[in-house]
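Quick look at data.csv (CSV, N, CA and C atoms):
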chain,number,residue,atom,x,y,z
A,1,MET,N,53.2,-4.5,27.9
A,1,MET,CA,53.6,-3.6,29.0
A,1,MET,C,52.6,-3.9,30.2
A,2,LYS,N,53.2,-4.1,31.4
A,2,LYS,CA,52.5,-4.4,32.6
A,2,LYS,C,52.2,-3.1,33.3
A,3,ILE,N,50.9,-3.0,33.8
A,3,ILE,CA,50.5,-1.8,34.6
A,3,ILE,C,50.3,-2.2,36.0
A,4,TYR,N,50.9,-1.5,36.9
A,4,TYR,CA,50.7,-1.7,38.3
A,4,TYR,C,50.3,-0.4,38.9
A,5,ASN,N,49.1,-0.3,39.4
A,5,ASN,CA,48.6,0.9,40.1
A,5,ASN,C,48.8,0.7,41.6
A,6,LYS,N,50.0,0.9,42.0
A,6,LYS,CA,50.3,0.7,43.4
A,6,LYS,C,51.3,1.7,43.9
A,7,LEU,N,51.3,1.9,45.2
A,7,LEU,CA,52.3,2.8,45.8
A,7,LEU,C,53.7,2.1,45.7
A,8,VAL,N,54.7,2.9,45.5
A,8,VAL,CA,56.0,2.4,45.4
A,8,VAL,C,56.9,3.0,46.4
A,9,ARG,N,57.9,2.3,46.9
A,9,ARG,CA,58.8,2.8,47.9
A,9,ARG,C,59.8,3.7,47.2
A,10,ASP,N,60.5,4.5,48.1
A,10,ASP,CA,61.6,5.4,47.6
A,10,ASP,C,62.6,4.6,46.8
A,11,ASN,N,63.1,5.2,45.7
A,11,ASN,CA,64.1,4.6,44.9
A,11,ASN,C,63.7,3.5,44.0
A,12,ILE,N,62.5,2.9,44.1
A,12,ILE,CA,62.1,1.8,43.3
A,12,ILE,C,62.1,2.2,41.8
A,13,PRO,N,61.6,3.4,41.4
A,13,PRO,CA,61.6,3.8,40.0
A,13,PRO,C,63.1,3.9,39.5
A,14,GLU,N,64.0,4.4,40.3
A,14,GLU,CA,65.4,4.5,39.9
A,14,GLU,C,66.0,3.1,39.7
A,15,ILE,N,65.7,2.2,40.6
A,15,ILE,CA,66.2,0.8,40.4
A,15,ILE,C,65.6,0.1,39.2
A,16,MET,N,64.3,0.4,38.9
A,16,MET,CA,63.7,-0.1,37.7
A,16,MET,C,64.4,0.4,36.4
A,17,ILE,N,64.7,1.7,36.4
A,17,ILE,CA,65.4,2.3,35.3
A,17,ILE,C,66.8,1.7,35.1
A,18,LYS,N,67.5,1.4,36.2
A,18,LYS,CA,68.8,0.8,36.1
A,18,LYS,C,68.7,-0.6,35.5
A,19,ASN,N,67.5,-1.2,35.7
A,19,ASN,CA,67.3,-2.6,35.1
A,19,ASN,C,66.7,-2.6,33.7
A,20,GLY,N,66.6,-1.4,33.1
A,20,GLY,CA,66.1,-1.3,31.8
A,20,GLY,C,64.7,-1.0,31.6
A,21,ALA,N,63.9,-0.9,32.7
A,21,ALA,CA,62.5,-0.6,32.6
A,21,ALA,C,62.3,0.9,32.4
A,22,LYS,N,61.1,1.3,32.0
A,22,LYS,CA,60.7,2.7,31.9
A,22,LYS,C,59.4,3.0,32.7
A,23,PRO,N,59.6,3.1,34.0
A,23,PRO,CA,58.4,3.3,34.8
A,23,PRO,C,57.7,4.7,34.6
A,24,VAL,N,56.4,4.7,34.7
A,24,VAL,CA,55.7,6.0,34.7
A,24,VAL,C,55.1,6.2,36.1
A,25,THR,N,55.5,7.3,36.7
A,25,THR,CA,55.0,7.5,38.0
A,25,THR,C,54.4,8.9,38.1
A,26,ARG,N,53.7,9.1,39.2
A,26,ARG,CA,53.1,10.4,39.5
A,26,ARG,C,53.0,10.6,41.0
A,27,ILE,N,52.9,11.8,41.4
A,27,ILE,CA,52.8,12.1,42.9
A,27,ILE,C,51.3,12.3,43.1
A,28,LEU,N,50.8,11.5,44.1
A,28,LEU,CA,49.3,11.6,44.4
A,28,LEU,C,49.1,12.8,45.3
A,29,ASN,N,47.8,13.4,45.1
A,29,ASN,CA,47.4,14.4,46.1
A,29,ASN,C,47.1,13.8,47.4
A,30,ASP,N,46.8,14.6,48.4
A,30,ASP,CA,46.6,14.1,49.8
A,30,ASP,C,45.5,13.1,49.8
A,31,GLU,N,44.4,13.4,49.2
A,31,GLU,CA,43.2,12.5,49.2
A,31,GLU,C,43.5,11.1,48.6
A,32,GLU,N,44.2,11.2,47.4
A,32,GLU,CA,44.5,9.9,46.7
A,32,GLU,C,45.5,9.1,47.5
A,33,TYR,N,46.5,9.8,48.1
A,33,TYR,CA,47.5,9.1,48.9
A,33,TYR,C,46.9,8.4,50.1
A,34,LEU,N,46.0,9.1,50.8
A,34,LEU,CA,45.4,8.4,52.0
A,34,LEU,C,44.5,7.2,51.5
A,35,ARG,N,43.8,7.3,50.4
A,35,ARG,CA,43.0,6.2,49.9
A,35,ARG,C,44.0,5.0,49.5
A,36,GLU,N,45.1,5.3,48.9
A,36,GLU,CA,46.0,4.2,48.5
A,36,GLU,C,46.7,3.6,49.7
A,37,LEU,N,47.0,4.4,50.7
A,37,LEU,CA,47.6,3.9,52.0
A,37,LEU,C,46.6,3.0,52.7
A,38,ASN,N,45.3,3.3,52.7
A,38,ASN,CA,44.3,2.5,53.3
A,38,ASN,C,44.2,1.1,52.5
A,39,LYS,N,44.2,1.2,51.2
A,39,LYS,CA,44.2,0.0,50.4
A,39,LYS,C,45.4,-0.9,50.7
A,40,LYS,N,46.5,-0.3,50.8
A,40,LYS,CA,47.8,-1.1,51.1
A,40,LYS,C,47.7,-1.7,52.5
A,41,LEU,N,47.1,-1.0,53.5
A,41,LEU,CA,47.0,-1.5,54.8
A,41,LEU,C,46.0,-2.7,54.8
A,42,LEU,N,44.9,-2.6,54.1
A,42,LEU,CA,44.0,-3.7,54.0
A,42,LEU,C,44.6,-4.9,53.4
A,43,GLU,N,45.4,-4.7,52.3
A,43,GLU,CA,46.1,-5.8,51.6
A,43,GLU,C,47.1,-6.5,52.6
A,44,GLU,N,47.8,-5.7,53.4
A,44,GLU,CA,48.8,-6.3,54.3
A,44,GLU,C,48.1,-7.1,55.4
A,45,VAL,N,47.0,-6.5,56.0
A,45,VAL,CA,46.2,-7.2,57.0
A,45,VAL,C,45.6,-8.5,56.5
A,46,ASN,N,45.1,-8.5,55.3
A,46,ASN,CA,44.6,-9.7,54.7
A,46,ASN,C,45.6,-10.8,54.6
A,47,GLU,N,46.8,-10.4,54.2
A,47,GLU,CA,47.9,-11.3,54.0
A,47,GLU,C,48.3,-11.9,55.4
A,48,TYR,N,48.2,-11.1,56.4
A,48,TYR,CA,48.6,-11.5,57.8
A,48,TYR,C,47.6,-12.6,58.2
A,49,PHE,N,46.3,-12.4,58.0
A,49,PHE,CA,45.3,-13.4,58.4
A,49,PHE,C,45.2,-14.5,57.4
Can you dump the structure from the file as structure tokens?
Amino acid sequence: MKIYNKLVRDNIPEIMIKNGAKPVTRILNDEEYLRELNKKLLEEVNEYF
């Protein structure tokens, strides 16, 4: 089983289920969400450079 601790876009878990996967998701609290958004922003900026 692969584990991805990342934010996912809307409908991605549903698409995964349709493809036979069994994703486990949870809704982050505000603090966790902001922390993960910052991580994603840094990841995208690093890819840009």
Next on the checklist: When DSSP is applied to the backbone of this structure, which of chain A are assigned helix (DSSP H, G or I)? Write them out as a ChimeraX atom specification.
Outcome noted: /A:12-18,30-48
Checklist entry - With only N, CA and C atoms as the basis for distance, which of A:Tyr33, A:Thr25, A:Phe49, A:Glu44 is at the shortest distance from Pro13 of chain A? => result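 The closest residue to Pro13 of chain A is A:Thr25.
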Item to check | d(atom CA of Lys6 of chain A, atom N of Leu37 of chain A) in Å | outcome: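 Result for atom CA of Lys6 of chain A versus atom N of Leu37 of chain A: 8.8 Å, one decimal.
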Checklist entry - What does the distance from atom CA of Lys18 of chain A to atom N of Asn5 of chain A come to in Å, to one decimal? => result 20.0 Å
Checklist entry - atom CA of Tyr48 of chain A and atom CA of Arg26 of chain A, how far apart in Å? => result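 Result for atom CA of Arg26 of chain A versus atom CA of Tyr48 of chain A: 28.9 Å, one decimal.
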Checklist entry - What lies within 12 Å of Ala21 of chain A using only C-alpha atoms, ignoring chain neighbours under 6 positions off, as a VMD selection string? => result chain A and resid 1 to 2 12 to 15
Item to check | Surrounding residues of Glu36 of chain A excluding itself and chain neighbours under 5 positions, 7 Å, all atoms listed in the file, as a PyMOL selection string | outcome: chain A and resi 7+31+41
Please write a file for segment 5-22 of chain A, taken from the block I just shared, that holds N, CA and C atoms and is laid out as a JSON list (two decimals), in the first residue's frame.
[["chain", "number", "residue", "atom", "x", "y", "z"],
["A", 5, "ASN", "N", 0.89, 11.57, 1.85],
["A", 5, "ASN", "CA", 0.39, 12.57, 2.79],
["A", 5, "ASN", "C", 0.38, 13.91, 2.08],
["A", 6, "LYS", "N", -0.61, 14.10, 1.22],
["A", 6, "LYS", "CA", -0.68, 15.31, 0.41],
["A", 6, "LYS", "C", -2.11, 15.80, 0.35],
["A", 7, "LEU", "N", -2.23, 17.08, 0.03],
["A", 7, "LEU", "CA", -3.55, 17.63, -0.26],
["A", 7, "LEU", "C", -4.05, 17.02, -1.56],
["A", 8, "VAL", "N", -5.34, 16.81, -1.65],
["A", 8, "VAL", "CA", -5.91, 16.31, -2.90],
["A", 8, "VAL", "C", -7.00, 17.26, -3.38],
["A", 9, "ARG", "N", -7.14, 17.33, -4.67],
["A", 9, "ARG", "CA", -8.17, 18.18, -5.27],
["A", 9, "ARG", "C", -9.54, 17.52, -5.15],
["A", 10, "ASP", "N", -10.56, 18.33, -5.32],
["A", 10, "ASP", "CA", -11.93, 17.82, -5.29],
["A", 10, "ASP", "C", -12.10, 16.66, -6.25],
["A", 11, "ASN", "N", -12.86, 15.70, -5.85],
["A", 11, "ASN", "CA", -13.24, 14.53, -6.65],
["A", 11, "ASN", "C", -12.13, 13.50, -6.87],
["A", 12, "ILE", "N", -10.92, 13.77, -6.46],
["A", 12, "ILE", "CA", -9.85, 12.80, -6.66],
["A", 12, "ILE", "C", -10.14, 11.49, -5.91],
["A", 13, "PRO", "N", -10.58, 11.53, -4.64],
["A", 13, "PRO", "CA", -10.90, 10.26, -3.98],
["A", 13, "PRO", "C", -11.99, 9.47, -4.72],
["A", 14, "GLU", "N", -12.99, 10.15, -5.26],
["A", 14, "GLU", "CA", -14.04, 9.47, -6.00],
["A", 14, "GLU", "C", -13.50, 8.83, -7.28],
["A", 15, "ILE", "N", -12.59, 9.53, -7.95],
["A", 15, "ILE", "CA", -11.97, 8.98, -9.17],
["A", 15, "ILE", "C", -11.14, 7.75, -8.81],
["A", 16, "MET", "N", -10.42, 7.84, -7.70],
["A", 16, "MET", "CA", -9.61, 6.70, -7.26],
["A", 16, "MET", "C", -10.49, 5.49, -6.96],
["A", 17, "ILE", "N", -11.61, 5.72, -6.31],
["A", 17, "ILE", "CA", -12.53, 4.63, -5.98],
["A", 17, "ILE", "C", -13.05, 3.98, -7.26],
["A", 18, "LYS", "N", -13.40, 4.79, -8.25],
["A", 18, "LYS", "CA", -13.87, 4.26, -9.53],
["A", 18, "LYS", "C", -12.82, 3.40, -10.20],
["A", 19, "ASN", "N", -11.54, 3.69, -9.92],
["A", 19, "ASN", "CA", -10.43, 2.92, -10.50],
["A", 19, "ASN", "C", -10.00, 1.76, -9.62],
["A", 20, "GLY", "N", -10.79, 1.46, -8.59],
["A", 20, "GLY", "CA", -10.52, 0.30, -7.75],
["A", 20, "GLY", "C", -9.67, 0.54, -6.52],
["A", 21, "ALA", "N", -9.24, 1.77, -6.29],
["A", 21, "ALA", "CA", -8.43, 2.07, -5.11],
["A", 21, "ALA", "C", -9.35, 2.31, -3.90],
["A", 22, "LYS", "N", -8.76, 2.28, -2.73],
["A", 22, "LYS", "CA", -9.50, 2.53, -1.50],
["A", 22, "LYS", "C", -8.79, 3.63, -0.71]]
